[in-house]
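Shown below: my_file-v2.csv, with CSV, C-alpha atoms.
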```csv
chain,number,residue,atom,x,y,z
T,23,MET,CA,4.0,-17.7,-2.6
T,24,ASP,CA,1.7,-17.7,0.4
T,25,GLY,CA,4.6,-18.1,2.8
T,26,GLN,CA,6.4,-15.0,1.5
T,27,LEU,CA,3.2,-13.0,1.3
T,28,ASN,CA,2.2,-13.9,4.8
T,29,PHE,CA,5.6,-12.8,6.1
T,30,LEU,CA,5.4,-9.4,4.4
T,31,LEU,CA,1.9,-8.9,5.7
T,32,ARG,CA,2.9,-9.7,9.2
T,33,ASN,CA,5.7,-7.2,9.0
T,34,ALA,CA,3.5,-4.4,7.5
T,35,GLU,CA,2.1,-1.5,9.6
T,36,LEU,CA,-1.3,-0.1,8.9
T,37,ASP,CA,-1.6,3.6,9.6
T,38,VAL,CA,-5.0,5.2,9.3
T,39,VAL,CA,-4.2,8.9,8.6
T,40,GLU,CA,-7.8,10.2,8.8
T,41,PHE,CA,-11.4,9.0,8.6
T,42,ASP,CA,-15.0,10.1,8.9
T,43,VAL,CA,-18.6,9.6,7.9
T,44,HIS,CA,-20.1,12.2,5.6
T,45,GLN,CA,-23.6,13.0,4.4
T,46,ARG,CA,-23.7,15.2,1.4
T,47,LYS,CA,-26.2,16.5,-1.1
T,48,GLU,CA,-23.5,18.3,-3.0
T,49,MET,CA,-19.9,17.0,-3.6
T,50,LYS,CA,-17.4,18.7,-5.9
T,51,THR,CA,-13.9,17.2,-5.4
T,52,PHE,CA,-11.9,17.6,-8.6
T,53,ASN,CA,-8.3,17.0,-9.7
T,54,ARG,CA,-7.4,15.7,-6.2
T,55,THR,CA,-4.2,13.7,-5.5
T,56,LEU,CA,-3.2,12.6,-2.0
T,57,PRO,CA,0.0,10.9,-0.7
T,58,TYR,CA,-1.9,7.9,0.7
T,59,TYR,CA,-4.6,5.5,-0.2
T,60,VAL,CA,-8.2,6.8,-0.4
T,61,MET,CA,-10.9,4.3,0.4
T,62,SER,CA,-14.6,5.2,0.5
T,63,TYR,CA,-17.7,3.0,1.1
T,64,HIS,CA,-21.0,4.4,-0.2
T,65,LYS,CA,-23.7,3.5,2.2
T,66,LYS,CA,-26.5,5.6,0.7
T,67,GLY,CA,-27.1,7.6,-2.5
T,68,SER,CA,-25.0,7.9,-5.6
T,69,ALA,CA,-21.9,9.7,-6.9
T,70,LYS,CA,-19.5,9.8,-9.7
T,71,LEU,CA,-15.8,8.9,-9.7
T,72,ARG,CA,-13.3,9.8,-12.5
T,73,VAL,CA,-9.9,8.2,-12.7
T,74,GLY,CA,-8.0,8.9,-15.9
T,75,ASN,CA,-10.6,8.8,-18.8
T,76,GLN,CA,-12.9,6.4,-17.0
T,77,ILE,CA,-16.0,7.5,-15.1
T,78,HIS,CA,-17.6,5.2,-12.6
T,79,THR,CA,-21.2,5.5,-11.3
T,80,ILE,CA,-21.0,4.8,-7.5
T,81,THR,CA,-24.1,3.3,-5.9
T,82,PRO,CA,-24.8,2.0,-2.4
T,83,GLY,CA,-22.6,-0.9,-1.4
T,84,THR,CA,-19.7,0.2,-3.6
T,85,VAL,CA,-16.2,0.8,-2.5
T,86,ILE,CA,-13.8,3.1,-4.3
T,87,TYR,CA,-10.0,2.6,-4.0
T,88,ILE,CA,-7.6,5.2,-5.1
T,89,PRO,CA,-3.8,4.6,-4.8
T,90,PRO,CA,-1.4,7.4,-3.6
T,91,ASN,CA,-0.8,10.3,-6.0
T,92,VAL,CA,-3.5,9.2,-8.5
T,93,GLU,CA,-5.5,12.2,-9.7
T,94,HIS,CA,-9.2,11.7,-9.4
T,95,ASP,CA,-12.6,13.5,-9.3
T,96,HIS,CA,-15.3,12.5,-6.7
T,97,TYR,CA,-18.5,14.4,-7.3
T,98,LYS,CA,-22.3,14.3,-7.4
T,99,ASP,CA,-24.6,15.1,-10.3
T,100,SER,CA,-27.8,14.8,-8.4
T,101,HIS,CA,-29.3,16.4,-5.3
T,102,GLU,CA,-30.2,13.2,-3.4
T,103,GLU,CA,-28.3,12.8,-0.1
T,104,THR,CA,-25.3,10.5,-0.2
T,105,GLU,CA,-23.7,9.0,2.8
T,106,PHE,CA,-20.3,7.5,2.7
T,107,LEU,CA,-17.7,6.1,5.1
T,108,TRP,CA,-14.1,7.0,4.2
T,109,TRP,CA,-10.6,6.5,5.4
T,110,HIS,CA,-7.1,7.4,4.2
T,111,PHE,CA,-4.3,5.1,5.0
T,112,THR,CA,-0.9,3.6,4.3
T,113,PHE,CA,0.2,0.0,4.7
T,114,GLN,CA,3.9,-0.3,4.7
T,115,ILE,CA,6.9,-2.2,5.9
T,116,VAL,CA,9.2,0.1,8.0
T,117,ASN,CA,7.8,3.1,6.0
T,118,VAL,CA,9.6,1.8,2.9
T,119,MET,CA,7.7,-0.9,1.1
T,120,ASP,CA,4.1,-0.3,0.1
T,121,VAL,CA,2.4,-3.7,0.7
T,122,MET,CA,-0.8,-2.7,-1.2
T,123,LYS,CA,1.2,-2.8,-4.4
T,124,LEU,CA,1.2,-6.5,-4.1
T,125,PHE,CA,-2.5,-6.8,-4.7
T,126,GLN,CA,-4.6,-6.3,-7.8
T,127,ILE,CA,-7.5,-4.2,-6.5
T,128,PRO,CA,-10.0,-2.5,-8.9
T,129,ILE,CA,-10.8,1.2,-8.6
T,130,ALA,CA,-14.5,0.4,-7.8
T,131,PHE,CA,-16.1,-2.8,-6.6
T,132,ARG,CA,-19.0,-4.2,-4.7
T,133,LEU,CA,-18.6,-5.1,-1.0
T,134,HIS,CA,-19.7,-8.6,-0.2
T,135,ASN,CA,-21.0,-8.0,3.3
T,136,SER,CA,-22.0,-4.3,3.7
T,137,GLU,CA,-23.6,-4.8,7.1
T,138,TYR,CA,-20.5,-6.4,8.6
T,139,PHE,CA,-18.3,-3.6,7.2
T,140,GLU,CA,-20.6,-0.9,8.6
T,141,GLN,CA,-20.6,-2.5,12.0
T,142,VAL,CA,-16.8,-2.7,12.2
T,143,PHE,CA,-16.4,0.8,10.9
T,144,GLU,CA,-18.7,2.0,13.7
T,145,GLN,CA,-16.6,0.0,16.2
T,146,PHE,CA,-13.4,1.6,14.8
T,147,ILE,CA,-14.8,5.1,15.2
T,148,THR,CA,-15.9,4.3,18.8
T,149,SER,CA,-12.4,2.9,19.6
T,150,THR,CA,-10.8,6.2,18.5
T,151,SER,CA,-13.1,8.3,20.7
T,152,ARG,CA,-12.1,6.5,23.9
T,153,SER,CA,-9.1,7.4,26.1
T,154,SER,CA,-5.7,6.8,24.7
T,155,SER,CA,-5.1,3.8,27.0
T,156,LEU,CA,-3.2,0.8,25.8
T,157,PRO,CA,-6.4,-1.4,25.5
T,158,SER,CA,-8.1,1.3,23.4
T,159,SER,CA,-5.1,1.6,21.1
T,160,ILE,CA,-5.0,-2.1,20.6
T,161,LEU,CA,-8.7,-2.2,19.8
T,162,LYS,CA,-8.3,0.7,17.3
T,163,GLN,CA,-5.5,-1.1,15.4
T,164,ALA,CA,-7.4,-4.4,15.5
T,165,LYS,CA,-10.5,-2.8,14.0
T,166,ALA,CA,-8.5,-1.0,11.3
T,167,LEU,CA,-7.0,-4.3,10.3
T,168,GLU,CA,-10.4,-5.9,10.3
T,169,LEU,CA,-11.6,-3.2,7.9
T,170,LEU,CA,-8.7,-3.8,5.6
T,171,TYR,CA,-9.4,-7.6,5.7
T,172,ILE,CA,-13.1,-7.1,4.7
T,173,ILE,CA,-12.0,-4.8,1.8
T,174,LEU,CA,-9.4,-7.2,0.5
T,175,ASP,CA,-11.7,-10.2,0.9
T,176,SER,CA,-14.3,-8.5,-1.3
T,177,ALA,CA,-11.8,-7.0,-3.8
T,178,LEU,CA,-9.8,-10.1,-4.4
T,179,GLY,CA,-12.3,-12.9,-3.9
T,180,LYS,CA,-10.9,-16.3,-5.0
T,181,ARG,CA,-8.5,-14.7,-7.5
T,182,ASP,CA,-4.7,-15.0,-6.9
T,183,HIS,CA,-3.4,-12.2,-4.7
T,184,ILE,CA,-0.6,-11.3,-7.1
T,185,SER,CA,-0.5,-11.7,-10.9
T,186,PHE,CA,2.9,-13.4,-10.9
T,187,ASN,CA,4.1,-16.0,-13.4
T,188,THR,CA,6.4,-18.8,-12.2
T,189,GLN,CA,9.6,-16.8,-13.0
T,190,SER,CA,8.4,-13.7,-11.2
T,191,LEU,CA,7.8,-15.6,-8.0
T,192,SER,CA,11.6,-15.4,-7.5
T,193,PHE,CA,11.2,-11.6,-7.1
T,194,LEU,CA,8.8,-12.1,-4.3
T,195,ASP,CA,11.3,-14.4,-2.7
T,196,LEU,CA,14.0,-11.7,-3.1
T,197,LEU,CA,11.7,-9.0,-1.6
T,198,SER,CA,11.0,-11.2,1.5
T,199,ARG,CA,14.7,-11.9,1.8
T,200,ILE,CA,15.7,-8.2,1.8
T,201,VAL,CA,13.0,-7.3,4.3
T,202,GLN,CA,14.0,-10.2,6.6
T,203,HIS,CA,17.8,-9.7,6.2
T,204,PRO,CA,18.5,-6.1,5.1
T,205,GLU,CA,22.1,-6.5,6.4
T,206,GLU,CA,22.9,-9.2,3.8
T,207,GLN,CA,25.6,-8.3,1.3
T,208,ILE,CA,23.9,-8.4,-2.1
T,209,SER,CA,24.5,-6.7,-5.5
T,210,LEU,CA,22.9,-6.8,-8.9
T,211,GLN,CA,25.8,-8.9,-10.1
T,212,SER,CA,25.5,-11.5,-7.3
T,213,LEU,CA,21.8,-11.6,-7.8
T,214,SER,CA,22.3,-12.1,-11.6
T,215,GLU,CA,24.5,-15.1,-11.0
T,216,GLU,CA,22.1,-16.5,-8.4
T,217,MET,CA,18.9,-15.9,-10.4
T,218,HIS,CA,20.4,-16.5,-13.9
T,219,MET,CA,19.0,-13.2,-15.2
T,220,HIS,CA,20.6,-10.1,-16.5
T,221,PRO,CA,21.3,-7.4,-13.8
T,222,THR,CA,19.4,-4.8,-15.7
T,223,TYR,CA,16.4,-7.1,-16.0
T,224,ILE,CA,16.4,-7.9,-12.3
T,225,CYS,CA,16.5,-4.2,-11.4
T,226,ASN,CA,13.8,-3.2,-13.9
T,227,ARG,CA,11.5,-6.1,-13.2
T,228,PHE,CA,11.7,-5.7,-9.4
T,229,LYS,CA,10.9,-2.0,-9.7
T,230,GLU,CA,8.0,-2.8,-12.0
T,231,LEU,CA,6.5,-5.2,-9.4
T,232,PHE,CA,7.3,-3.3,-6.2
T,233,GLY,CA,7.9,0.3,-7.2
T,234,LYS,CA,11.6,0.5,-6.2
T,235,SER,CA,14.8,-1.3,-7.2
T,236,PRO,CA,16.1,-4.0,-4.8
T,237,MET,CA,19.1,-1.9,-3.8
T,238,GLN,CA,16.8,1.1,-3.0
T,239,VAL,CA,14.5,-1.0,-0.9
T,240,GLN,CA,17.5,-2.5,1.0
T,241,ARG,CA,19.1,0.9,1.6
T,242,GLU,CA,15.9,2.5,2.8
T,243,ILE,CA,15.1,-0.4,5.2
T,244,LYS,CA,18.7,-0.1,6.6
T,245,MET,CA,18.2,3.6,7.2
T,246,GLN,CA,14.8,3.1,9.0
T,247,LYS,CA,16.3,0.4,11.2
T,248,ALA,CA,19.3,2.6,11.9
T,249,LYS,CA,17.0,5.4,13.1
T,250,LYS,CA,15.2,3.1,15.4
T,251,LEU,CA,18.5,1.7,16.8
T,252,LEU,CA,19.8,5.2,17.3
T,253,GLU,CA,16.6,6.2,19.2
T,254,SER,CA,16.4,3.1,21.4
T,255,SER,CA,19.7,1.4,21.8
T,256,GLU,CA,23.1,2.3,23.3
T,257,MET,CA,25.1,0.7,20.5
T,258,THR,CA,28.0,2.7,19.2
T,259,ILE,CA,27.9,4.0,15.7
T,260,THR,CA,30.5,1.4,14.7
T,261,GLU,CA,28.5,-1.5,16.2
T,262,LEU,CA,25.3,-0.2,14.6
T,263,SER,CA,26.9,0.1,11.2
T,264,GLN,CA,28.3,-3.5,11.4
T,265,ALA,CA,24.9,-4.8,12.5
T,266,LEU,CA,23.4,-3.3,9.4
T,267,GLY,CA,26.0,-4.9,7.1
T,268,PHE,CA,28.4,-2.0,6.5
T,269,SER,CA,32.0,-3.0,6.3
T,270,GLU,CA,33.1,0.6,6.8
T,271,VAL,CA,31.5,3.0,9.3
T,272,GLN,CA,32.3,5.9,7.0
T,273,ASN,CA,30.0,4.4,4.3
T,274,PHE,CA,27.2,4.1,6.8
T,275,THR,CA,27.6,7.6,8.1
T,276,ARG,CA,27.7,9.0,4.5
T,277,LEU,CA,24.6,7.1,3.4
T,278,PHE,CA,22.7,8.0,6.6
T,279,LYS,CA,23.4,11.7,6.2
T,280,THR,CA,22.3,11.5,2.5
T,281,TYR,CA,18.9,10.0,3.5
T,282,VAL,CA,18.2,11.7,6.8
T,283,GLY,CA,20.0,15.0,6.5
T,284,VAL,CA,22.2,14.8,9.6
T,285,SER,CA,24.9,12.4,10.8
T,286,PRO,CA,24.0,9.4,13.0
T,287,THR,CA,25.5,11.1,16.1
T,288,GLN,CA,23.5,14.3,15.5
T,289,TYR,CA,20.4,12.3,15.0
T,290,ARG,CA,20.9,10.4,18.3
T,291,ASN,CA,21.6,13.7,20.2
T,292,LEU,CA,18.6,15.4,18.7
T,293,ASN,CA,16.3,12.5,19.8
T,294,ILE,CA,17.8,12.5,23.3
T,295,LYS,CA,17.1,16.2,23.6
T,296,TRP,CA,13.6,15.7,22.3
T,297,ARG,CA,12.9,12.9,24.8
T,298,PHE,CA,14.2,15.1,27.6
T,299,ILE,CA,11.9,18.0,26.5
T,300,LYS,CA,8.9,15.7,26.5
```
Turn this file's structure into structure tokens for me.
Amino acid sequence: MDGQLNFLLRNAELDVVEFDVHQRKEMKTFNRTLPYYVMSYHKKGSAKLRVGNQIHTITPGTVIYIPPNVEHDHYKDSHEETEFLWWHFTFQIVNVMDVMKLFQIPIAFRLHNSEYFEQVFEQFITSTSRSSSLPSSILKQAKALELLYIILDSALGKRDHISFNTQSLSFLDLLSRIVQHPEEQISLQSLSEEMHMHPTYICNRFKELFGKSPMQVQREIKMQKAKKLLESSEMTITELSQALGFSEVQNFTRLFKTYVGVSPTQYRNLNIKWRFIK
């Protein structure tokens, strides 16, 4: 399991959407849902967090972790000043696979080394205020990953990263295989024969574990790779479709237009014009 998980983590991209440090004596955030992960570390003071029917009391040293599109309240019921460090982020493979779904992270938990986290968060903020030079960009990404490491280390501890039984480990193998070789010709029927499971069970179990069916993950990864190749390579549309595992260029063109909204040729031309304008 560690080999597959390490492969997926190496291929994931961490994108910090926004972040800040706030000091508040009043806080009234209700019924909020956001399209990315919400993570907040409370350095001082207290607050309340509601997720579903459960209300958590948040005290200094506590991290809250809210997955995308989960409605929650984050509020104060006292007038003491509360200071918290927060960031919103995604952690995905080619903008398709949400890697955080692989981990069993509680909504609220204690941070093991608060001083270390506070130091790295300050370094992260400092790196973002520097010039947009290559070294600064690398430092920013390194500090963001270090923050994520500290969070996961505290949230997971010595527990298994993924609550998989022996049978379900084969689904992690399948996910790694699709990510590594999206051009491979697979179908639910071929997977059924290979894994000795019913096609419907494979589709439903994979979706339960990773949020999408295996065919959907494969198609979306193909489309993301197609966009990058159209932007950066001089491959013909036929060559590109073959490289992505399509036997007929018409099938590739049809699927690309369904996902992206324009044909591959139009997409390439639009990006050439955009680069020229910039």
Considering all atoms listed in the file, state which residue in the set T:Glu256, T:Glu242, T:Glu215, T:Glu206 is at the smallest distance from T:Ser269.
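So, comparing all the options, the nearest one is T:Glu206.
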Using all atoms listed in the file, which of the listed residues (T:Ile129, T:Asn33, T:Asn135, T:Ser285) sits closest to T:Gln76?
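Counting all atoms listed in the file, the residue closest to T:Gln76 is T:Ile129.
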What is the atom CA of T:Gln207-atom CA of T:Ala34 distance in Å, reported with one decimal?
23.3 Å
I'd like to know which of T:Glu253, T:Glu261, T:Asp42, T:Asn273 is closest to T:Leu292, using only C-alpha atoms.
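When distances to T:Leu292 are compared using only C-alpha atoms, the smallest one comes from T:Glu253.
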Quick one: distance from atom CA of T:Leu27 to atom CA of T:Leu194 in Å, one decimal?
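Computing it gives 8.0 Å between the two atoms.
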Go ahead and compute the interatomic distance for atom CA of T:Phe113 and atom CA of T:Lys250, in Å to one decimal.
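Computed distance, atom CA of T:Phe113 to atom CA of T:Lys250, equals 18.7 Å.
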When distances are computed from all atoms listed in the file, which of T:Asn91, T:Gln26, T:Gln246, T:Thr84 shows the smallest separation from T:Tyr58?
T:Asn91
Got a sec: who's within 9 Å of T:Glu40, counting only C-alpha atoms, leaving out chain neighbours fewer than 3 positions off, as a CSV table (one decimal) with C-alpha atoms, in the coordinates of the input?
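Saved file out01.csv follows:
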```csv
chain,number,residue,atom,x,y,z
T,108,TRP,CA,-14.1,7.0,4.2
T,109,TRP,CA,-10.6,6.5,5.4
T,110,HIS,CA,-7.1,7.4,4.2
T,111,PHE,CA,-4.3,5.1,5.0
```
Determine, counting all atoms listed in the file, which protein, DNA and RNA residues have an atom within 10 Å of an atom of T:Gln272; residues of the same chain fewer than 5 positions away are not included. Present the result as a list in words.
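Here the answer would be Ile259, Thr260, Ser263, Leu277 and Phe278 of chain T.
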Residue contacts of stretch 61-65 of chain T (7 Å, only C-alpha atoms) excluding same-chain residues fewer than 4 positions away, as a ChimeraX atom specification:
/T:81-88,105-110
